[in-house]
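Here is model_22.cif, consisting of mmCIF, C-alpha atoms:
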data_final
#
loop_
_atom_site.group_PDB
_atom_site.id
_atom_site.type_symbol
_atom_site.label_atom_id
_atom_site.label_comp_id
_atom_site.auth_asym_id
_atom_site.auth_seq_id
_atom_site.Cartn_x
_atom_site.Cartn_y
_atom_site.Cartn_z
ATOM 1 C CA MET S 1 130.762 62.942 86.463
ATOM 2 C CA SER S 2 127.990 64.495 88.522
ATOM 3 C CA PRO S 3 128.550 64.564 92.316
ATOM 4 C CA PHE S 4 124.824 63.845 92.636
ATOM 5 C CA PRO S 5 124.579 60.149 91.599
ATOM 6 C CA ASP S 6 120.986 59.838 92.758
ATOM 7 C CA ALA S 7 119.912 62.921 90.828
ATOM 8 C CA GLY S 8 116.171 63.020 90.529
ATOM 9 C CA ALA S 9 115.450 61.209 93.802
ATOM 10 C CA ASP S 10 113.882 64.333 95.277
ATOM 11 C CA ASP S 11 112.846 66.130 92.091
ATOM 12 C CA PRO S 12 112.231 63.556 89.348
ATOM 13 C CA GLY S 13 111.613 66.241 86.733
ATOM 14 C CA PHE S 14 114.926 68.016 87.222
ATOM 15 C CA PRO S 15 118.316 66.624 86.145
ATOM 16 C CA GLY S 16 121.524 66.674 88.158
ATOM 17 C CA THR S 17 123.818 67.139 85.171
ATOM 18 C CA GLY S 18 123.700 68.134 81.512
ATOM 19 C CA ARG S 19 121.853 71.320 82.397
ATOM 20 C CA ARG S 20 121.839 74.720 80.707
ATOM 21 C CA VAL S 21 123.273 77.284 83.125
ATOM 22 C CA LEU S 22 123.500 81.078 82.930
ATOM 23 C CA VAL S 23 125.958 82.682 85.367
ATOM 24 C CA SER S 24 125.947 86.473 85.554
ATOM 25 C CA GLY S 25 129.159 88.273 86.426
ATOM 26 C CA ALA S 26 131.324 85.233 85.633
ATOM 27 C CA SER S 27 134.516 86.922 84.445
ATOM 28 C CA ARG S 28 136.436 86.310 87.678
ATOM 29 C CA GLY S 29 136.149 85.598 91.395
ATOM 30 C CA VAL S 30 133.070 83.776 92.621
ATOM 31 C CA GLY S 31 131.403 83.879 89.206
ATOM 32 C CA ARG S 32 134.382 82.161 87.589
ATOM 33 C CA ALA S 33 134.445 79.500 90.325
ATOM 34 C CA VAL S 34 130.709 78.907 89.902
ATOM 35 C CA ALA S 35 131.043 78.527 86.135
ATOM 36 C CA ARG S 36 133.885 76.040 86.586
ATOM 37 C CA ALA S 37 131.927 74.029 89.145
ATOM 38 C CA PHE S 38 128.936 73.616 86.839
ATOM 39 C CA ALA S 39 131.134 72.768 83.856
ATOM 40 C CA ALA S 40 132.959 70.109 85.915
ATOM 41 C CA ASN S 41 129.529 68.735 86.848
ATOM 42 C CA GLY S 42 128.782 68.115 83.170
ATOM 43 C CA ASP S 43 126.605 71.179 82.627
ATOM 44 C CA ARG S 44 126.872 73.714 79.795
ATOM 45 C CA VAL S 45 127.481 77.281 80.896
ATOM 46 C CA ALA S 46 126.743 80.730 79.500
ATOM 47 C CA VAL S 47 129.474 82.965 80.924
ATOM 48 C CA HIS S 48 128.211 86.530 81.243
ATOM 49 C CA TYR S 49 130.421 89.569 81.628
ATOM 50 C CA GLY S 50 129.914 93.316 81.590
ATOM 51 C CA THR S 51 133.230 94.950 80.691
ATOM 52 C CA ARG S 52 135.988 92.455 81.596
ATOM 53 C CA LYS S 53 136.163 90.643 78.281
ATOM 54 C CA ASP S 54 139.722 89.329 78.628
ATOM 55 C CA GLU S 55 139.036 87.840 82.046
ATOM 56 C CA ALA S 56 135.737 86.375 80.851
ATOM 57 C CA GLU S 57 137.499 84.742 77.924
ATOM 58 C CA ALA S 58 139.958 83.214 80.404
ATOM 59 C CA THR S 59 137.021 81.849 82.382
ATOM 60 C CA LEU S 60 135.515 80.318 79.264
ATOM 61 C CA ALA S 61 138.831 78.775 78.211
ATOM 62 C CA ALA S 62 139.216 77.087 81.611
ATOM 63 C CA LEU S 63 135.841 75.314 81.558
ATOM 64 C CA GLU S 64 135.720 71.547 81.245
ATOM 65 C CA GLY S 65 133.586 70.048 78.517
ATOM 66 C CA THR S 66 132.074 71.669 75.457
ATOM 67 C CA GLY S 67 129.075 73.758 74.468
ATOM 68 C CA HIS S 68 129.844 76.737 76.685
ATOM 69 C CA VAL S 69 129.315 80.297 75.449
ATOM 70 C CA LEU S 70 130.558 83.798 76.262
ATOM 71 C CA LEU S 71 127.975 86.606 76.399
ATOM 72 C CA SER S 72 128.221 90.310 77.195
ATOM 73 C CA ALA S 73 125.487 92.623 78.485
ATOM 74 C CA ASP S 74 125.090 95.803 80.499
ATOM 75 C CA LEU S 75 122.693 94.626 83.190
ATOM 76 C CA THR S 76 121.650 98.180 84.034
ATOM 77 C CA ASP S 77 119.868 98.192 80.662
ATOM 78 C CA ALA S 78 116.626 96.196 80.779
ATOM 79 C CA GLY S 79 116.728 95.653 77.029
ATOM 80 C CA GLU S 80 120.256 94.238 77.134
ATOM 81 C CA THR S 81 119.254 92.007 80.038
ATOM 82 C CA ALA S 82 116.432 90.570 77.935
ATOM 83 C CA ARG S 83 118.773 90.080 74.989
ATOM 84 C CA LEU S 84 121.258 88.288 77.270
ATOM 85 C CA THR S 85 118.579 85.845 78.394
ATOM 86 C CA ASP S 86 117.507 85.219 74.797
ATOM 87 C CA ALA S 87 121.103 84.732 73.658
ATOM 88 C CA ALA S 88 121.850 82.289 76.491
ATOM 89 C CA ALA S 89 118.702 80.280 75.767
ATOM 90 C CA ASP S 90 119.433 80.225 72.035
ATOM 91 C CA ALA S 91 123.052 79.150 72.522
ATOM 92 C CA LEU S 92 122.344 76.491 75.140
ATOM 93 C CA GLY S 93 118.944 75.367 73.907
ATOM 94 C CA GLY S 94 117.182 76.668 76.995
ATOM 95 C CA ILE S 95 117.904 77.687 80.597
ATOM 96 C CA ASP S 96 117.631 75.285 83.520
ATOM 97 C CA VAL S 97 119.711 77.143 86.110
ATOM 98 C CA LEU S 98 120.333 80.845 86.703
ATOM 99 C CA VAL S 99 123.033 82.042 89.083
ATOM 100 C CA ASN S 100 122.706 85.744 89.881
ATOM 101 C CA ASN S 101 126.267 86.644 90.809
ATOM 102 C CA ALA S 102 126.787 90.030 89.128
ATOM 103 C CA ALA S 103 127.278 92.906 91.567
ATOM 104 C CA ALA S 104 128.532 96.446 91.197
ATOM 105 C CA ALA S 105 131.746 97.547 92.829
ATOM 106 C CA ALA S 106 131.350 100.665 94.915
ATOM 107 C CA PRO S 107 133.655 103.066 96.737
ATOM 108 C CA ALA S 108 133.182 103.448 100.454
ATOM 109 C CA HIS S 109 130.246 105.778 101.158
ATOM 110 C CA PRO S 110 129.785 106.208 104.914
ATOM 111 C CA PRO S 111 126.650 108.293 105.485
ATOM 112 C CA ALA S 112 128.293 110.947 107.665
ATOM 113 C CA ASP S 113 131.141 111.763 105.282
ATOM 114 C CA THR S 114 129.966 111.186 101.700
ATOM 115 C CA PRO S 115 128.944 114.158 99.513
ATOM 116 C CA TYR S 116 125.286 113.911 98.559
ATOM 117 C CA GLU S 117 125.935 113.706 94.812
ATOM 118 C CA GLU S 118 128.330 110.797 95.325
ATOM 119 C CA TRP S 119 125.917 109.174 97.770
ATOM 120 C CA THR S 120 123.016 109.195 95.309
ATOM 121 C CA ALA S 121 125.178 107.949 92.435
ATOM 122 C CA VAL S 122 126.432 104.983 94.465
ATOM 123 C CA TRP S 123 122.921 104.054 95.559
ATOM 124 C CA GLN S 124 121.546 104.241 92.015
ATOM 125 C CA ARG S 125 124.326 102.024 90.660
ATOM 126 C CA GLN S 126 124.054 99.462 93.458
ATOM 127 C CA ILE S 127 120.283 99.217 93.142
ATOM 128 C CA ALA S 128 120.442 98.940 89.348
ATOM 129 C CA VAL S 129 122.975 96.102 89.248
ATOM 130 C CA ASN S 130 122.640 94.260 92.549
ATOM 131 C CA LEU S 131 118.860 94.303 92.828
ATOM 132 C CA VAL S 132 116.966 95.337 89.687
ATOM 133 C CA ALA S 133 119.164 93.318 87.320
ATOM 134 C CA THR S 134 118.815 90.300 89.599
ATOM 135 C CA ALA S 135 115.034 90.701 89.581
ATOM 136 C CA ASN S 136 114.919 91.120 85.806
ATOM 137 C CA LEU S 137 117.163 88.152 85.036
ATOM 138 C CA SER S 138 115.213 85.997 87.475
ATOM 139 C CA GLN S 139 111.865 86.851 85.895
ATOM 140 C CA LEU S 140 113.155 86.310 82.364
ATOM 141 C CA ALA S 141 114.830 83.003 83.205
ATOM 142 C CA ALA S 142 111.820 81.795 85.185
ATOM 143 C CA ARG S 143 109.517 82.409 82.242
ATOM 144 C CA ARG S 144 111.878 80.331 80.092
ATOM 145 C CA MET S 145 111.870 77.525 82.669
ATOM 146 C CA ILE S 146 108.072 77.577 82.870
ATOM 147 C CA ASP S 147 107.709 77.402 79.089
ATOM 148 C CA GLN S 148 110.194 74.532 78.902
ATOM 149 C CA GLY S 149 108.562 72.522 81.689
ATOM 150 C CA GLY S 150 110.593 70.368 84.056
ATOM 151 C CA GLY S 151 111.292 72.995 86.704
ATOM 152 C CA GLY S 152 114.467 74.924 87.320
ATOM 153 C CA ARG S 153 116.801 76.498 89.836
ATOM 154 C CA ILE S 154 117.680 80.121 90.615
ATOM 155 C CA VAL S 155 120.523 80.802 93.056
ATOM 156 C CA ASN S 156 121.307 84.354 94.165
ATOM 157 C CA VAL S 157 124.675 85.417 95.568
ATOM 158 C CA GLY S 158 123.843 87.663 98.501
ATOM 159 C CA SER S 159 126.061 88.664 101.405
ATOM 160 C CA ARG S 160 126.733 88.472 105.120
ATOM 161 C CA GLY S 161 126.564 92.260 104.955
ATOM 162 C CA ALA S 162 122.787 92.021 104.623
ATOM 163 C CA PHE S 163 122.670 90.922 108.268
ATOM 164 C CA ARG S 164 125.649 92.406 110.098
ATOM 165 C CA GLY S 165 125.489 95.922 108.673
ATOM 166 C CA GLU S 166 127.897 97.679 106.329
ATOM 167 C CA PRO S 167 128.548 101.169 107.765
ATOM 168 C CA ASP S 168 131.060 102.066 105.039
ATOM 169 C CA HIS S 169 129.062 100.379 102.244
ATOM 170 C CA PRO S 170 125.397 100.758 103.249
ATOM 171 C CA ALA S 171 124.045 100.550 99.689
ATOM 172 C CA TYR S 172 125.749 97.197 99.222
ATOM 173 C CA GLY S 173 124.357 95.805 102.469
ATOM 174 C CA ALA S 174 120.860 97.092 101.739
ATOM 175 C CA THR S 175 120.716 95.776 98.184
ATOM 176 C CA LYS S 176 121.976 92.358 99.255
ATOM 177 C CA ALA S 177 119.284 92.228 101.952
ATOM 178 C CA ALA S 178 116.776 93.043 99.237
ATOM 179 C CA VAL S 179 118.186 90.238 97.072
ATOM 180 C CA HIS S 180 117.575 87.780 99.915
ATOM 181 C CA ALA S 181 113.983 89.012 100.276
ATOM 182 C CA LEU S 182 113.473 88.872 96.508
ATOM 183 C CA GLY S 183 114.659 85.274 96.467
ATOM 184 C CA GLN S 184 112.193 84.284 99.151
ATOM 185 C CA SER S 185 109.303 85.949 97.321
ATOM 186 C CA LEU S 186 110.289 84.195 94.104
ATOM 187 C CA ALA S 187 110.600 80.889 95.955
ATOM 188 C CA VAL S 188 106.940 81.084 96.937
ATOM 189 C CA GLY S 189 105.740 82.394 93.596
ATOM 190 C CA LEU S 190 107.646 79.912 91.425
ATOM 191 C CA ALA S 191 107.291 76.715 93.477
ATOM 192 C CA PRO S 192 104.080 75.686 91.654
ATOM 193 C CA HIS S 193 106.209 75.527 88.495
ATOM 194 C CA GLY S 194 108.882 73.309 90.059
ATOM 195 C CA ILE S 195 111.396 76.152 90.285
ATOM 196 C CA ALA S 196 113.398 76.358 93.512
ATOM 197 C CA VAL S 197 114.958 79.703 94.445
ATOM 198 C CA THR S 198 117.679 80.097 97.063
ATOM 199 C CA SER S 199 120.406 82.528 98.111
ATOM 200 C CA VAL S 200 123.870 82.232 99.604
ATOM 201 C CA ALA S 201 125.216 84.850 102.013
ATOM 202 C CA PRO S 202 129.023 84.696 101.938
ATOM 203 C CA GLY S 203 131.311 86.588 104.252
ATOM 204 C CA PHE S 204 134.690 87.849 103.087
ATOM 205 C CA ILE S 205 136.027 85.947 100.056
ATOM 206 C CA ASP S 206 139.567 85.859 98.690
ATOM 207 C CA THR S 207 138.981 87.309 95.212
ATOM 208 C CA ASP S 208 140.923 89.630 92.920
ATOM 209 C CA ARG S 209 138.580 92.474 93.828
ATOM 210 C CA VAL S 210 139.635 92.508 97.492
ATOM 211 C CA ALA S 211 143.111 90.942 97.346
ATOM 212 C CA HIS S 212 144.716 94.281 98.232
ATOM 213 C CA ARG S 213 142.927 94.243 101.597
ATOM 214 C CA LEU S 214 144.156 90.831 102.724
ATOM 215 C CA GLY S 215 147.738 91.812 103.443
ATOM 216 C CA GLY S 216 149.161 93.423 106.569
ATOM 217 C CA ALA S 217 147.236 94.371 109.679
ATOM 218 C CA GLU S 218 143.936 94.903 107.864
ATOM 219 C CA GLY S 219 144.166 91.446 106.336
ATOM 220 C CA GLU S 220 144.869 89.839 109.695
ATOM 221 C CA ALA S 221 141.873 91.615 111.211
ATOM 222 C CA ILE S 222 139.630 90.440 108.377
ATOM 223 C CA LYS S 223 140.831 86.845 108.707
ATOM 224 C CA GLY S 224 140.392 87.090 112.471
ATOM 225 C CA GLN S 225 136.662 87.684 112.044
ATOM 226 C CA SER S 226 136.319 83.917 111.578
ATOM 227 C CA PRO S 227 137.423 81.439 114.259
ATOM 228 C CA PHE S 228 139.018 79.488 111.405
ATOM 229 C CA GLY S 229 141.433 82.395 110.982
ATOM 230 C CA ARG S 230 140.947 82.788 107.255
ATOM 231 C CA VAL S 231 138.528 84.004 104.603
ATOM 232 C CA ALA S 232 136.546 81.908 102.141
ATOM 233 C CA ARG S 233 137.846 80.551 98.876
ATOM 234 C CA PRO S 234 135.653 81.189 95.817
ATOM 235 C CA GLU S 235 135.456 77.429 95.266
ATOM 236 C CA GLU S 236 133.747 76.984 98.640
ATOM 237 C CA VAL S 237 130.966 79.358 97.630
ATOM 238 C CA ALA S 238 130.706 77.658 94.231
ATOM 239 C CA ALA S 239 130.293 74.237 95.872
ATOM 240 C CA ALA S 240 127.313 75.517 97.860
ATOM 241 C CA VAL S 241 125.762 77.095 94.768
ATOM 242 C CA LEU S 242 126.169 73.827 92.860
ATOM 243 C CA TRP S 243 124.379 71.884 95.596
ATOM 244 C CA LEU S 244 121.532 74.399 95.810
ATOM 245 C CA ALA S 245 121.026 73.908 92.074
ATOM 246 C CA SER S 246 120.805 70.124 92.459
ATOM 247 C CA PRO S 247 117.638 67.995 92.363
ATOM 248 C CA GLN S 248 118.117 67.147 96.045
ATOM 249 C CA ALA S 249 117.945 70.803 97.063
ATOM 250 C CA GLN S 250 114.353 71.464 95.999
ATOM 251 C CA TRP S 251 113.159 71.427 99.620
ATOM 252 C CA SER S 252 115.700 74.140 100.448
ATOM 253 C CA SER S 253 113.801 76.632 98.301
ATOM 254 C CA GLY S 254 113.522 79.943 100.124
ATOM 255 C CA THR S 255 116.740 79.326 102.055
ATOM 256 C CA VAL S 256 119.397 81.973 102.672
ATOM 257 C CA LEU S 257 122.525 79.894 103.341
ATOM 258 C CA ASP S 258 125.210 81.516 105.478
ATOM 259 C CA LEU S 259 128.757 80.921 104.199
ATOM 260 C CA ASN S 260 130.870 83.006 106.548
ATOM 261 C CA GLY S 261 133.046 80.613 108.575
ATOM 262 C CA ALA S 262 131.141 81.407 111.790
ATOM 263 C CA SER S 263 132.238 85.055 111.505
ATOM 264 C CA TYR S 264 128.616 86.154 111.950
ATOM 265 C CA LEU S 265 125.985 83.993 113.601
ATOM 266 C CA ARG S 266 122.221 84.484 113.498
ATOM 267 C CA THR S 267 119.183 82.487 114.510
#

So that I can check it, write out the structure of this file as structure tokens.
Amino acid sequence: MSPFPDAGADDPGFPGTGRRVLVSGASRGVGRAVARAFAANGDRVAVHYGTRKDEAEATLAALEGTGHVLLSADLTDAGETARLTDAAADALGGIDVLVNNAAAAAPAHPPADTPYEEWTAVWQRQIAVNLVATANLSQLAARRMIDQGGGGRIVNVGSRGAFRGEPDHPAYGATKAAVHALGQSLAVGLAPHGIAVTSVAPGFIDTDRVAHRLGGAEGEAIKGQSPFGRVARPEEVAAAVLWLASPQAQWSSGTVLDLNGASYLRT
């Protein structure tokens, strides 16, 4: 049952459940939690993955309801990105919601210590996946939503690092800041079509990717960044994404929602 019983009160043309949802980078972590949240809400989900097929299949198998689909694409390839959008729309019968969660992992690359060849490679990869793929998927999905009529939702997964600085991962911080700015530009450009665009900016999240860092002294220091003394659970990020994709959240279009447990405050 949808947690939005008055769905449509703020956006009569957009439903609160039964929607067609594409989640990029949904094989594990936040993407998996987001896919599960939408499925539990009564939506049908296209689970995208790049290379982690086994984990993506586990995500798909854990989804409530029926009509979900598993799709693979290399988002650094513009042609594959277009084919992913087409395949999701064909399988689901359209696209109502896009969640841009896919992001490239990157080794630490502090500017003072990283060899130039490694530096440029990291930047190219981060820009290609974190920013350009997000822009391409957003444009493709938005065109689908416009053709369908009835509006839509795009939610980008950004990062606290866009604001606080990432001295060991500057390409990550910079591309996530660009994702926030992209979302705000799209929010203005797509509002006449009833499409709301928002971003979330999580702090540290307890996912498989970073589990090795949450033990020992480093883990205690990371948890100590928040006055709650812990890091986020993927489900907490997913809950915010689900709300931003709801009919009631239309007036939040353009928002960058901080989800960092008061570990970084801005005004």

Name the residues in contact with Ala133 in chain S at a cut-off of 8 Å, using only C-alpha atoms, excluding same-chain residues fewer than 5 positions from it; report them as a PDB file with C-alpha atoms, in the frame of the given file.
ATOM      1  CA  LEU S  75     122.693  94.626  83.190  1.00  0.00           C
ATOM      2  CA  THR S  76     121.650  98.180  84.034  1.00  0.00           C
ATOM      3  CA  ALA S  78     116.626  96.196  80.779  1.00  0.00           C
ATOM      4  CA  THR S  81     119.254  92.007  80.038  1.00  0.00           C
ATOM      5  CA  ALA S 128     120.442  98.940  89.348  1.00  0.00           C
TER       6      ALA S 128
END

Selection result for the PyMOL selection byres ((chain S and resi 134) around 9) on this file, as a list in words: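 Taken on the displayed file, the PyMOL selection byres ((chain S and resi 134) around 9) yields the residues Leu75, Asn100, Asn101, Ala102, Ala128, Val129, Asn130, Leu131, Val132, Ala133, Ala135, Asn136, Leu137, Ser138, Gln139, Asn156, Val179 and Leu182 of chain S.
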
Which residues match the PyMOL selection byres ((chain S and resi 46) around 10) in the file above, as a VMD selection string? chain S and resid 20 to 24 26 35 44 to 45 47 to 49 60 67 to 72 84 to 85 87 to 89 91 to 92 95 98

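Between CA of Pro115 in chain S and CA of Asp77 in chain S the interatomic distance comes to 26.3 Å.
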
Taking the file above as input, evaluate the PyMOL selection byres ((chain S and resi 33) around 9) and report the hits as a PyMOL selection string. chain S and resi 26+28-32+34-38+59+234-239

Export of prior selection with C-alpha atoms as a compact mmCIF listing (two decimals), in the coordinates of the input:
# COMPACT_ATOMS: atom_id res chain seq x y z
CA ALA S 26 131.32 85.23 85.63
CA ARG S 28 136.44 86.31 87.68
CA GLY S 29 136.15 85.60 91.40
CA VAL S 30 133.07 83.78 92.62
CA GLY S 31 131.40 83.88 89.21
CA ARG S 32 134.38 82.16 87.59
CA VAL S 34 130.71 78.91 89.90
CA ALA S 35 131.04 78.53 86.14
CA ARG S 36 133.88 76.04 86.59
CA ALA S 37 131.93 74.03 89.14
CA PHE S 38 128.94 73.62 86.84
CA THR S 59 137.02 81.85 82.38
CA PRO S 234 135.65 81.19 95.82
CA GLU S 235 135.46 77.43 95.27
CA GLU S 236 133.75 76.98 98.64
CA VAL S 237 130.97 79.36 97.63
CA ALA S 238 130.71 77.66 94.23
CA ALA S 239 130.29 74.24 95.87

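As for CA of Leu259 in chain S and CA of Ala240 in chain S, they are spaced 8.5 Å apart.
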
So, counting all atoms listed in the file, which residue among S:Ala56, S:Ala177, S:Val241, S:Ala105 is closest to Val197 in chain S? S:Val241

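Minimum atom-to-atom distance to Ala201 in chain S, evaluated using all atoms listed in the file, belongs to S:Val256 out of S:Leu265, S:Val231, S:Val256, S:Ala73.
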
Can you tell me how far CA of Pro111 in chain S sits from CA of Ala171 in chain S, in Å to one decimal? 10.0 Å

Using all atoms listed in the file, collect all residues at a distance of at most 10 Å from (125.1, 91.8, 104.7) as written in the file, then present them as JSON, numbers by chain. {"S": [158, 159, 160, 161, 162, 163, 164, 165, 166, 169, 170, 172, 173, 174, 175, 176, 177, 180, 201, 202, 203, 264]}

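Counting only C-alpha atoms, the residue from S:Asp96, S:Asp54, S:Glu64, S:Asp206 that sits nearest to Gly16 in chain S is S:Asp96.
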